[in-house]
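Only one structure is covered here, and it is reproduced in the block below.
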Amino acid sequence: MATLMVGEHGKWPAKSDPIFMIAGKAAEAKEKYGADKVINSTLGALMEDDGSLVAFDSVYSTLKNLDNAEIAAYAPIQGTKEFLEAAEENCFGKYRPDAYIRAVATPGGTGGVKQAVWNYTNPGDSILTTNWYWSPYNTITEEIDRGVETFDIFDEDGNYNLKGLKEKSSDLLEKQKRLLLVLNTPAHNPTGYSVSDDEWDQIIGFLKEKAENKENKITVLVDAAYIEFAGEKDERKKFFKKFTNLPDNLFIIVAFSTSKSHTMYGLRSGAVIGISSNEEIVEEFYYACLHTARANWSNGTRGAMATVAKITNDDQLRNQYEEEKSKYKKLLRKRAEAFVEEAEKVGLDILPYRDGFFVSIPCEDPQGASQKLMEENIFVVPLQKGLRFAICAVSEEKCKTAPEKIKKVLDK
Ligand SMILES: Cc1ncc(COP(=O)(O)O)c(C=O)c1O
């Protein structure tokens with residue numbers, strides 16, 4: 001065996017991304033048996049009914065019409081001014097909090113999560129999130145000597161588990177005097193849950209109480225990757241207004257991403273947005289994020305920034321974009337309704353779904369279940385506690401037939 005070269009901190013198990021691996025198998029099955037025989041519900045990207053990727057015309061006509069130099073040039077490390085303003089406007093809509101706000105561009109939402117984890121935890125700390133969670137939270141934290149603690153997302157009655165959130169937050173604050181609470185909402189990946197406005201009131205009320213102890217440093221990261229595909233119109237953005245008048249030691253960061261909202265997955269563009277009642281705290285955030293950006297990816301994709309800014313500021317383009325988005329939001333809703341209704345009909349147990357790209361099916365031995373489903377040409381992602389079905393990638397017709405097929409395999 002060769003003498004291996006990687007430094008201690010760079011040694012990780014040699015494994016490829018399971019989602020892309022299963023997606024590869026689904027592509028093979030499609031080739032072999034024909035598209036109509038295969039349900040490929042693996043990738044978290046919006047697909048047409050025929051399995052091709054949705055790419056908004058408003059976005060790609062704008063990008064392709066940019067001057068070459070506008071695409072080729074470096075962007076400022078913090079992002080272009082027009083992009084950052086557009087990011088805030090897209091993110092908050094009518095519900096901008098009344099607070100000091102600063103933003104820094106990131107390569108997608110992933111960059112935003114990295115920024116928050118790196119700058120708002122100390123080595124050895126753990127972040128807190130729900131027990132069903134997007135696995136890169138783990139990758140991002142473990143790489144830099146941080147951990148992930150979780151609370152059960154739902155209680156025994158299937159309600160959002162505020163009690164668990166409070167208990168685990170209190171424990172971590174006791175231990176670390178610092179908390180980074182990561183809430184992927186609305187349209188949580190993988191369950192499709194959205195924290196309600198009332199639940200937000202309770203979360204904020206609780207965190208304010210904890211912030212009375214001035215030794216506690218509390219940060220909430222709202223991972224809003226799927227926000228544009230949640231709720232009717234902008235109802236799922238109302239909670240942003242609640243980030244007004246918070247105590248200094250309760251800081252909010254939003255990870256804004258254009259990957260899903262603008263179908264710009266590969267263009268790697270997003271922003272971290274810091275929100276505080278205290279100007280010094282957002283200034284500190286801004287300069288910390290600039291440093292991290294320079295140290296990791298330097299700057300973002302200028303052409304992507306220009307595209308988002310143009311669409312946001314040009315009435316005609318914006319209308320076209322809104323129409324496209326609304327069309328696909330409806331499509332997604334129909335697929336979700338088909339899956340959820342059918343699941344109920346055939347008695348397939350799923351977690352409470354509200355919005356977004358995924359539905360989760362709790363089960364024993366998710367790996368084994370996913371394997372058996374593959375034999376039936378149904379490709380789903382096995383998670384620790386169940387299966388993730390990506391309705392974003394599957395036609396309404398197949399969303400209707402899938403629950404019964406899945407139930408049969410799980411019952412075997
Ligand atoms: C929960 C969650 N957060 C953040 C992201 C960010 O993705 P990106 O870096 O592509 O914007 C994703 C994308 O899959 C996600 O599922």
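In the structure tokens, chains take the letters A, B, ... in the order shown, each chain's residues start at 1, and ligands count up from 1 in the order shown.
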Query raised in the report: Which protein, DNA or RNA residues have an atom within 7 Å of ligand 1, counting only C-alpha atoms and all ligand atoms, as a list in words?
Result: Gly44, Pro107, Gly108, Gly109, Thr110, Gly111, Trp134, Asn184, His188, Asn189, Asp223, Ala225, Ser257, Thr258, Ser259, Tyr265, Arg268, Ser269 and Gly270 of chain A
Restrict the selected residues to N, CA and C atoms and save them as a PDB file, in the first residue's frame.
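Wrote part.pdb, looks like this:
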ATOM      1  N   GLY A  44     -32.619  16.652  -5.979  1.00  0.00           N
ATOM      2  CA  GLY A  44     -33.401  17.787  -5.492  1.00  0.00           C
ATOM      3  C   GLY A  44     -33.381  18.955  -6.453  1.00  0.00           C
ATOM      4  N   PRO A 107     -21.256  31.282  -2.633  1.00  0.00           N
ATOM      5  CA  PRO A 107     -21.554  30.320  -3.683  1.00  0.00           C
ATOM      6  C   PRO A 107     -22.728  29.445  -3.257  1.00  0.00           C
ATOM      7  N   GLY A 108     -23.936  29.866  -3.575  1.00  0.00           N
ATOM      8  CA  GLY A 108     -25.154  29.137  -3.209  1.00  0.00           C
ATOM      9  C   GLY A 108     -25.430  29.164  -1.719  1.00  0.00           C
ATOM     10  N   GLY A 109     -26.459  28.437  -1.338  1.00  0.00           N
ATOM     11  CA  GLY A 109     -26.820  28.346   0.079  1.00  0.00           C
ATOM     12  C   GLY A 109     -25.757  27.610   0.873  1.00  0.00           C
ATOM     13  N   THR A 110     -25.053  26.703   0.214  1.00  0.00           N
ATOM     14  CA  THR A 110     -23.997  25.947   0.895  1.00  0.00           C
ATOM     15  C   THR A 110     -22.958  26.905   1.469  1.00  0.00           C
ATOM     16  N   GLY A 111     -22.589  27.900   0.676  1.00  0.00           N
ATOM     17  CA  GLY A 111     -21.622  28.898   1.143  1.00  0.00           C
ATOM     18  C   GLY A 111     -22.149  29.654   2.358  1.00  0.00           C
ATOM     19  N   TRP A 134     -30.476  17.960   6.177  1.00  0.00           N
ATOM     20  CA  TRP A 134     -29.684  17.915   4.941  1.00  0.00           C
ATOM     21  C   TRP A 134     -28.254  17.511   5.313  1.00  0.00           C
ATOM     22  N   ASN A 184     -33.976  24.872   8.686  1.00  0.00           N
ATOM     23  CA  ASN A 184     -34.209  24.871   7.243  1.00  0.00           C
ATOM     24  C   ASN A 184     -35.723  24.970   7.043  1.00  0.00           C
ATOM     25  N   HIS A 188     -38.825  22.447   4.383  1.00  0.00           N
ATOM     26  CA  HIS A 188     -37.661  21.716   4.896  1.00  0.00           C
ATOM     27  C   HIS A 188     -37.269  20.536   3.991  1.00  0.00           C
ATOM     28  N   ASN A 189     -35.988  20.411   3.789  1.00  0.00           N
ATOM     29  CA  ASN A 189     -35.422  19.226   3.138  1.00  0.00           C
ATOM     30  C   ASN A 189     -34.939  18.304   4.253  1.00  0.00           C
ATOM     31  N   ASP A 223     -32.074  28.624   6.959  1.00  0.00           N
ATOM     32  CA  ASP A 223     -31.666  28.118   5.652  1.00  0.00           C
ATOM     33  C   ASP A 223     -32.907  28.143   4.771  1.00  0.00           C
ATOM     34  N   ALA A 225     -33.348  27.872   1.484  1.00  0.00           N
ATOM     35  CA  ALA A 225     -33.056  27.422   0.107  1.00  0.00           C
ATOM     36  C   ALA A 225     -34.318  27.226  -0.746  1.00  0.00           C
ATOM     37  N   SER A 257     -30.384  31.509  -1.366  1.00  0.00           N
ATOM     38  CA  SER A 257     -29.777  30.784  -2.495  1.00  0.00           C
ATOM     39  C   SER A 257     -30.599  30.994  -3.758  1.00  0.00           C
ATOM     40  N   THR A 258     -29.927  31.178  -4.882  1.00  0.00           N
ATOM     41  CA  THR A 258     -30.662  31.297  -6.152  1.00  0.00           C
ATOM     42  C   THR A 258     -30.743  29.941  -6.865  1.00  0.00           C
ATOM     43  N   SER A 259     -30.185  28.904  -6.237  1.00  0.00           N
ATOM     44  CA  SER A 259     -30.155  27.598  -6.908  1.00  0.00           C
ATOM     45  C   SER A 259     -31.552  27.143  -7.319  1.00  0.00           C
ATOM     46  N   TYR A 265     -28.837  26.308 -10.180  1.00  0.00           N
ATOM     47  CA  TYR A 265     -28.054  25.387  -9.337  1.00  0.00           C
ATOM     48  C   TYR A 265     -26.552  25.464  -9.627  1.00  0.00           C
ATOM     49  N   ARG A 268     -23.956  28.734  -8.889  1.00  0.00           N
ATOM     50  CA  ARG A 268     -23.395  28.921  -7.564  1.00  0.00           C
ATOM     51  C   ARG A 268     -23.515  30.362  -7.073  1.00  0.00           C
ATOM     52  N   SER A 269     -24.734  30.753  -6.783  1.00  0.00           N
ATOM     53  CA  SER A 269     -24.915  32.129  -6.326  1.00  0.00           C
ATOM     54  C   SER A 269     -25.940  32.219  -5.198  1.00  0.00           C
ATOM     55  N   GLY A 270     -25.578  32.927  -4.175  1.00  0.00           N
ATOM     56  CA  GLY A 270     -26.467  33.149  -3.041  1.00  0.00           C
ATOM     57  C   GLY A 270     -25.887  34.251  -2.183  1.00  0.00           C
TER      58      GLY A 270
END
Query raised in the report: Could you name the residues that touch range 78-80 of chain A at 9 Å or less, counting only C-alpha atoms, but leaving out those on the same chain fewer than 2 positions away, as a ChimeraX atom specification?
Result: /A:75-76,82-85,103-106,271,286,289-290,293,299-302,305-306
With N, CA, C and O atoms retained, export the selected residues as an mmCIF file, in the first residue's frame.
data_model
loop_
_atom_site.group_PDB
_atom_site.id
_atom_site.type_symbol
_atom_site.label_atom_id
_atom_site.label_comp_id
_atom_site.auth_asym_id
_atom_site.auth_seq_id
_atom_site.Cartn_x
_atom_site.Cartn_y
_atom_site.Cartn_z
ATOM 1 N N ALA A 75 -16.173 39.535 -9.516
ATOM 2 C CA ALA A 75 -17.115 40.353 -8.741
ATOM 3 C C ALA A 75 -16.365 40.830 -7.503
ATOM 4 O O ALA A 75 -15.374 40.205 -7.107
ATOM 5 N N PRO A 76 -16.825 41.906 -6.866
ATOM 6 C CA PRO A 76 -16.222 42.253 -5.584
ATOM 7 C C PRO A 76 -16.409 41.092 -4.603
ATOM 8 O O PRO A 76 -17.360 40.316 -4.750
ATOM 9 N N GLU A 82 -25.639 45.794 -6.738
ATOM 10 C CA GLU A 82 -26.969 45.517 -7.326
ATOM 11 C C GLU A 82 -27.451 44.115 -6.921
ATOM 12 O O GLU A 82 -28.619 43.912 -6.654
ATOM 13 N N PHE A 83 -26.519 43.164 -6.899
ATOM 14 C CA PHE A 83 -26.913 41.797 -6.534
ATOM 15 C C PHE A 83 -27.336 41.734 -5.070
ATOM 16 O O PHE A 83 -28.352 41.116 -4.730
ATOM 17 N N LEU A 84 -26.560 42.376 -4.220
ATOM 18 C CA LEU A 84 -26.870 42.278 -2.783
ATOM 19 C C LEU A 84 -28.223 42.920 -2.483
ATOM 20 O O LEU A 84 -29.016 42.383 -1.698
ATOM 21 N N GLU A 85 -28.507 44.043 -3.166
ATOM 22 C CA GLU A 85 -29.823 44.662 -2.970
ATOM 23 C C GLU A 85 -30.922 43.741 -3.488
ATOM 24 O O GLU A 85 -31.963 43.556 -2.853
ATOM 25 N N ALA A 103 -25.367 42.097 3.849
ATOM 26 C CA ALA A 103 -25.294 40.835 3.102
ATOM 27 C C ALA A 103 -23.936 40.688 2.430
ATOM 28 O O ALA A 103 -23.287 41.672 2.089
ATOM 29 N N VAL A 104 -23.541 39.431 2.262
ATOM 30 C CA VAL A 104 -22.307 39.099 1.535
ATOM 31 C C VAL A 104 -22.630 37.933 0.601
ATOM 32 O O VAL A 104 -23.316 36.979 1.003
ATOM 33 N N ALA A 105 -22.155 38.028 -0.627
ATOM 34 C CA ALA A 105 -22.442 36.971 -1.613
ATOM 35 C C ALA A 105 -21.763 35.667 -1.205
ATOM 36 O O ALA A 105 -20.687 35.673 -0.593
ATOM 37 N N THR A 106 -22.401 34.555 -1.560
ATOM 38 C CA THR A 106 -21.838 33.227 -1.278
ATOM 39 C C THR A 106 -22.055 32.339 -2.501
ATOM 40 O O THR A 106 -22.950 32.598 -3.307
ATOM 41 N N ALA A 271 -26.418 34.373 -0.983
ATOM 42 C CA ALA A 271 -25.889 35.396 -0.063
ATOM 43 C C ALA A 271 -26.195 35.000 1.372
ATOM 44 O O ALA A 271 -27.183 34.297 1.626
ATOM 45 N N TYR A 286 -20.344 41.281 8.704
ATOM 46 C CA TYR A 286 -19.934 41.582 7.336
ATOM 47 C C TYR A 286 -18.439 41.340 7.142
ATOM 48 O O TYR A 286 -18.023 40.654 6.208
ATOM 49 N N CYS A 289 -17.487 37.654 7.372
ATOM 50 C CA CYS A 289 -17.865 36.918 6.154
ATOM 51 C C CYS A 289 -16.938 37.272 4.987
ATOM 52 O O CYS A 289 -16.614 36.405 4.164
ATOM 53 N N LEU A 290 -16.514 38.521 4.915
ATOM 54 C CA LEU A 290 -15.561 38.901 3.849
ATOM 55 C C LEU A 290 -14.280 38.087 3.980
ATOM 56 O O LEU A 290 -13.729 37.595 2.998
ATOM 57 N N ALA A 293 -14.902 34.490 2.951
ATOM 58 C CA ALA A 293 -15.050 34.387 1.495
ATOM 59 C C ALA A 293 -13.676 34.408 0.832
ATOM 60 O O ALA A 293 -13.345 33.542 0.019
ATOM 61 N N ASN A 299 -14.410 35.201 -4.617
ATOM 62 C CA ASN A 299 -15.655 35.906 -4.944
ATOM 63 C C ASN A 299 -16.602 34.988 -5.712
ATOM 64 O O ASN A 299 -16.229 33.905 -6.146
ATOM 65 N N GLY A 300 -17.823 35.472 -5.884
ATOM 66 C CA GLY A 300 -18.844 34.644 -6.539
ATOM 67 C C GLY A 300 -18.874 34.876 -8.044
ATOM 68 O O GLY A 300 -18.020 35.562 -8.614
ATOM 69 N N THR A 301 -19.902 34.300 -8.690
ATOM 70 C CA THR A 301 -20.027 34.317 -10.145
ATOM 71 C C THR A 301 -20.699 35.614 -10.588
ATOM 72 O O THR A 301 -21.884 35.822 -10.327
ATOM 73 N N ARG A 302 -19.940 36.462 -11.269
ATOM 74 C CA ARG A 302 -20.463 37.788 -11.590
ATOM 75 C C ARG A 302 -21.667 37.728 -12.537
ATOM 76 O O ARG A 302 -22.636 38.472 -12.391
ATOM 77 N N MET A 305 -24.746 37.026 -10.644
ATOM 78 C CA MET A 305 -25.186 38.204 -9.870
ATOM 79 C C MET A 305 -25.888 39.214 -10.781
ATOM 80 O O MET A 305 -26.949 39.751 -10.444
ATOM 81 N N ALA A 306 -25.279 39.443 -11.956
ATOM 82 C CA ALA A 306 -25.859 40.425 -12.890
ATOM 83 C C ALA A 306 -27.237 39.958 -13.350
ATOM 84 O O ALA A 306 -28.175 40.759 -13.480
#
Report task. Would you mind writing down, as a PyMOL selection string, each residue of range 170-199 of chain A that DSSP on the backbone assigns to alpha helix (DSSP H)? Result -> chain A and resi 170-176+197-199
Residues as selected, N, CA, C and O atoms, written as a tab-separated table (two decimals), in the first residue's frame, can you do that?
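Below you can see selection_18.tsv, which holds the result:
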chain	number	residue	atom	x	y	z
A	170	SER	N	-31.36	24.74	25.37
A	170	SER	CA	-30.94	25.06	26.75
A	170	SER	C	-29.69	24.28	27.11
A	170	SER	O	-28.73	24.83	27.68
A	171	ASP	N	-29.67	22.99	26.75
A	171	ASP	CA	-28.50	22.15	27.07
A	171	ASP	C	-27.25	22.71	26.43
A	171	ASP	O	-26.19	22.82	27.06
A	172	LEU	N	-27.36	23.04	25.15
A	172	LEU	CA	-26.16	23.52	24.44
A	172	LEU	C	-25.70	24.87	24.99
A	172	LEU	O	-24.50	25.14	25.10
A	173	LEU	N	-26.65	25.71	25.34
A	173	LEU	CA	-26.27	27.02	25.89
A	173	LEU	C	-25.58	26.85	27.23
A	173	LEU	O	-24.60	27.54	27.55
A	174	GLU	N	-26.11	25.91	27.99
A	174	GLU	CA	-25.49	25.62	29.29
A	174	GLU	C	-24.02	25.22	29.08
A	174	GLU	O	-23.13	25.69	29.78
A	175	LYS	N	-23.81	24.37	28.09
A	175	LYS	CA	-22.49	23.81	27.85
A	175	LYS	C	-21.56	24.77	27.12
A	175	LYS	O	-20.38	24.90	27.44
A	176	GLN	N	-22.09	25.44	26.09
A	176	GLN	CA	-21.22	26.20	25.17
A	176	GLN	C	-21.31	27.71	25.36
A	176	GLN	O	-20.51	28.46	24.82
A	197	ASP	N	-46.08	30.60	11.56
A	197	ASP	CA	-45.81	31.90	12.18
A	197	ASP	C	-45.97	31.82	13.70
A	197	ASP	O	-45.21	32.42	14.45
A	198	ASP	N	-46.94	31.04	14.13
A	198	ASP	CA	-47.15	30.88	15.56
A	198	ASP	C	-45.96	30.16	16.21
A	198	ASP	O	-45.49	30.53	17.29
A	199	GLU	N	-45.46	29.15	15.52
A	199	GLU	CA	-44.28	28.43	16.05
A	199	GLU	C	-43.06	29.36	16.08
A	199	GLU	O	-42.27	29.32	17.03
Requested in this report: Pick out the residues sitting within 10 Å of Val359 in chain A, and hand them over as a PyMOL selection string; count only C-alpha atoms, and ignore anything fewer than 2 positions along from it in its own chain.
Outcome: chain A and resi 187-193+336+339-340+350-357+361-362+387-392
Dump N, CA, C and O atoms for the selected residues as a JSON list (two decimals), in the first residue's frame?
[["chain", "number", "residue", "atom", "x", "y", "z"],
["A", 187, "ALA", "N", -40.34, 24.85, 3.84],
["A", 187, "ALA", "CA", -40.13, 23.75, 2.89],
["A", 187, "ALA", "C", -38.86, 22.99, 3.19],
["A", 187, "ALA", "O", -37.94, 22.88, 2.38],
["A", 188, "HIS", "N", -38.83, 22.45, 4.38],
["A", 188, "HIS", "CA", -37.66, 21.72, 4.90],
["A", 188, "HIS", "C", -37.27, 20.54, 3.99],
["A", 188, "HIS", "O", -38.13, 19.79, 3.53],
["A", 189, "ASN", "N", -35.99, 20.41, 3.79],
["A", 189, "ASN", "CA", -35.42, 19.23, 3.14],
["A", 189, "ASN", "C", -34.94, 18.30, 4.25],
["A", 189, "ASN", "O", -34.06, 18.70, 5.02],
["A", 190, "PRO", "N", -35.45, 17.12, 4.44],
["A", 190, "PRO", "CA", -36.27, 16.35, 3.51],
["A", 190, "PRO", "C", -37.76, 16.22, 3.81],
["A", 190, "PRO", "O", -38.45, 15.53, 3.06],
["A", 191, "THR", "N", -38.29, 16.82, 4.87],
["A", 191, "THR", "CA", -39.68, 16.46, 5.22],
["A", 191, "THR", "C", -40.74, 17.30, 4.50],
["A", 191, "THR", "O", -41.90, 16.90, 4.43],
["A", 192, "GLY", "N", -40.36, 18.50, 4.03],
["A", 192, "GLY", "CA", -41.36, 19.39, 3.44],
["A", 192, "GLY", "C", -42.11, 20.19, 4.49],
["A", 192, "GLY", "O", -43.12, 20.83, 4.21],
["A", 193, "TYR", "N", -41.61, 20.20, 5.75],
["A", 193, "TYR", "CA", -42.30, 20.95, 6.79],
["A", 193, "TYR", "C", -41.91, 22.44, 6.74],
["A", 193, "TYR", "O", -40.78, 22.78, 6.37],
["A", 336, "ALA", "N", -47.34, 17.27, -5.20],
["A", 336, "ALA", "CA", -47.36, 16.99, -3.76],
["A", 336, "ALA", "C", -48.74, 16.50, -3.34],
["A", 336, "ALA", "O", -48.87, 15.52, -2.61],
["A", 339, "PHE", "N", -49.26, 12.95, -4.35],
["A", 339, "PHE", "CA", -48.52, 11.99, -3.52],
["A", 339, "PHE", "C", -49.15, 11.86, -2.13],
["A", 339, "PHE", "O", -49.39, 10.75, -1.64],
["A", 340, "VAL", "N", -49.42, 13.01, -1.52],
["A", 340, "VAL", "CA", -49.93, 13.00, -0.14],
["A", 340, "VAL", "C", -51.31, 12.33, -0.08],
["A", 340, "VAL", "O", -51.57, 11.50, 0.80],
["A", 350, "ILE", "N", -46.31, 8.97, 6.02],
["A", 350, "ILE", "CA", -45.33, 9.99, 5.62],
["A", 350, "ILE", "C", -45.26, 11.06, 6.70],
["A", 350, "ILE", "O", -46.19, 11.20, 7.51],
["A", 351, "LEU", "N", -44.20, 11.83, 6.73],
["A", 351, "LEU", "CA", -44.08, 12.91, 7.71],
["A", 351, "LEU", "C", -44.91, 14.10, 7.23],
["A", 351, "LEU", "O", -45.15, 14.24, 6.03],
["A", 352, "PRO", "N", -45.33, 14.98, 8.19],
["A", 352, "PRO", "CA", -46.21, 16.08, 7.80],
["A", 352, "PRO", "C", -45.58, 16.98, 6.73],
["A", 352, "PRO", "O", -44.53, 17.55, 6.95],
["A", 353, "TYR", "N", -46.21, 17.02, 5.57],
["A", 353, "TYR", "CA", -45.69, 17.81, 4.45],
["A", 353, "TYR", "C", -46.45, 19.13, 4.37],
["A", 353, "TYR", "O", -47.66, 19.17, 4.54],
["A", 354, "ARG", "N", -45.74, 20.23, 4.15],
["A", 354, "ARG", "CA", -46.39, 21.51, 3.92],
["A", 354, "ARG", "C", -46.03, 22.07, 2.54],
["A", 354, "ARG", "O", -46.88, 22.54, 1.81],
["A", 355, "ASP", "N", -44.75, 22.09, 2.22],
["A", 355, "ASP", "CA", -44.26, 22.77, 1.01],
["A", 355, "ASP", "C", -43.01, 22.08, 0.48],
["A", 355, "ASP", "O", -42.32, 21.38, 1.22],
["A", 356, "GLY", "N", -42.70, 22.42, -0.75],
["A", 356, "GLY", "CA", -41.34, 22.17, -1.22],
["A", 356, "GLY", "C", -41.12, 20.92, -2.04],
["A", 356, "GLY", "O", -42.06, 20.29, -2.53],
["A", 357, "PHE", "N", -39.86, 20.56, -2.14],
["A", 357, "PHE", "CA", -39.38, 19.60, -3.13],
["A", 357, "PHE", "C", -39.50, 18.14, -2.69],
["A", 357, "PHE", "O", -39.38, 17.26, -3.52],
["A", 361, "ILE", "N", -40.61, 9.49, 4.05],
["A", 361, "ILE", "CA", -41.34, 8.28, 4.46],
["A", 361, "ILE", "C", -40.51, 7.59, 5.55],
["A", 361, "ILE", "O", -39.44, 7.06, 5.26],
["A", 362, "PRO", "N", -40.96, 7.66, 6.81],
["A", 362, "PRO", "CA", -40.17, 7.00, 7.85],
["A", 362, "PRO", "C", -40.24, 5.48, 7.68],
["A", 362, "PRO", "O", -41.30, 4.96, 7.32],
["A", 387, "LEU", "N", -37.00, 7.28, 4.00],
["A", 387, "LEU", "CA", -36.71, 7.50, 2.57],
["A", 387, "LEU", "C", -37.14, 8.90, 2.17],
["A", 387, "LEU", "O", -38.15, 9.42, 2.66],
["A", 388, "ARG", "N", -36.38, 9.49, 1.26],
["A", 388, "ARG", "CA", -36.76, 10.80, 0.73],
["A", 388, "ARG", "C", -37.24, 10.64, -0.70],
["A", 388, "ARG", "O", -36.51, 10.13, -1.54],
["A", 389, "PHE", "N", -38.48, 11.09, -0.94],
["A", 389, "PHE", "CA", -39.04, 11.03, -2.28],
["A", 389, "PHE", "C", -39.06, 12.46, -2.83],
["A", 389, "PHE", "O", -39.70, 13.34, -2.25],
["A", 390, "ALA", "N", -38.36, 12.67, -3.95],
["A", 390, "ALA", "CA", -38.26, 14.03, -4.51],
["A", 390, "ALA", "C", -39.39, 14.27, -5.49],
["A", 390, "ALA", "O", -39.28, 13.94, -6.68],
["A", 391, "ILE", "N", -40.48, 14.87, -5.00],
["A", 391, "ILE", "CA", -41.61, 15.15, -5.90],
["A", 391, "ILE", "C", -41.22, 16.17, -6.95],
["A", 391, "ILE", "O", -41.83, 16.25, -8.01],
["A", 392, "CYS", "N", -40.18, 16.95, -6.67],
["A", 392, "CYS", "CA", -39.72, 17.95, -7.64],
["A", 392, "CYS", "C", -39.26, 17.31, -8.95],
["A", 392, "CYS", "O", -39.21, 17.97, -9.98]]
Query - Within 12 Å of Glu167 in chain A using only C-alpha atoms, minus same-chain residues under 2 positions, as a PyMOL selection string - result: chain A and resi 128+149-152+161-165+169-174+203+206-207+210
Requested in this report: Check the DSSP output for the backbone and give back, as a count of residues only, the residues of range 11-165 of chain A in strand (DSSP E or B).
Outcome: 23
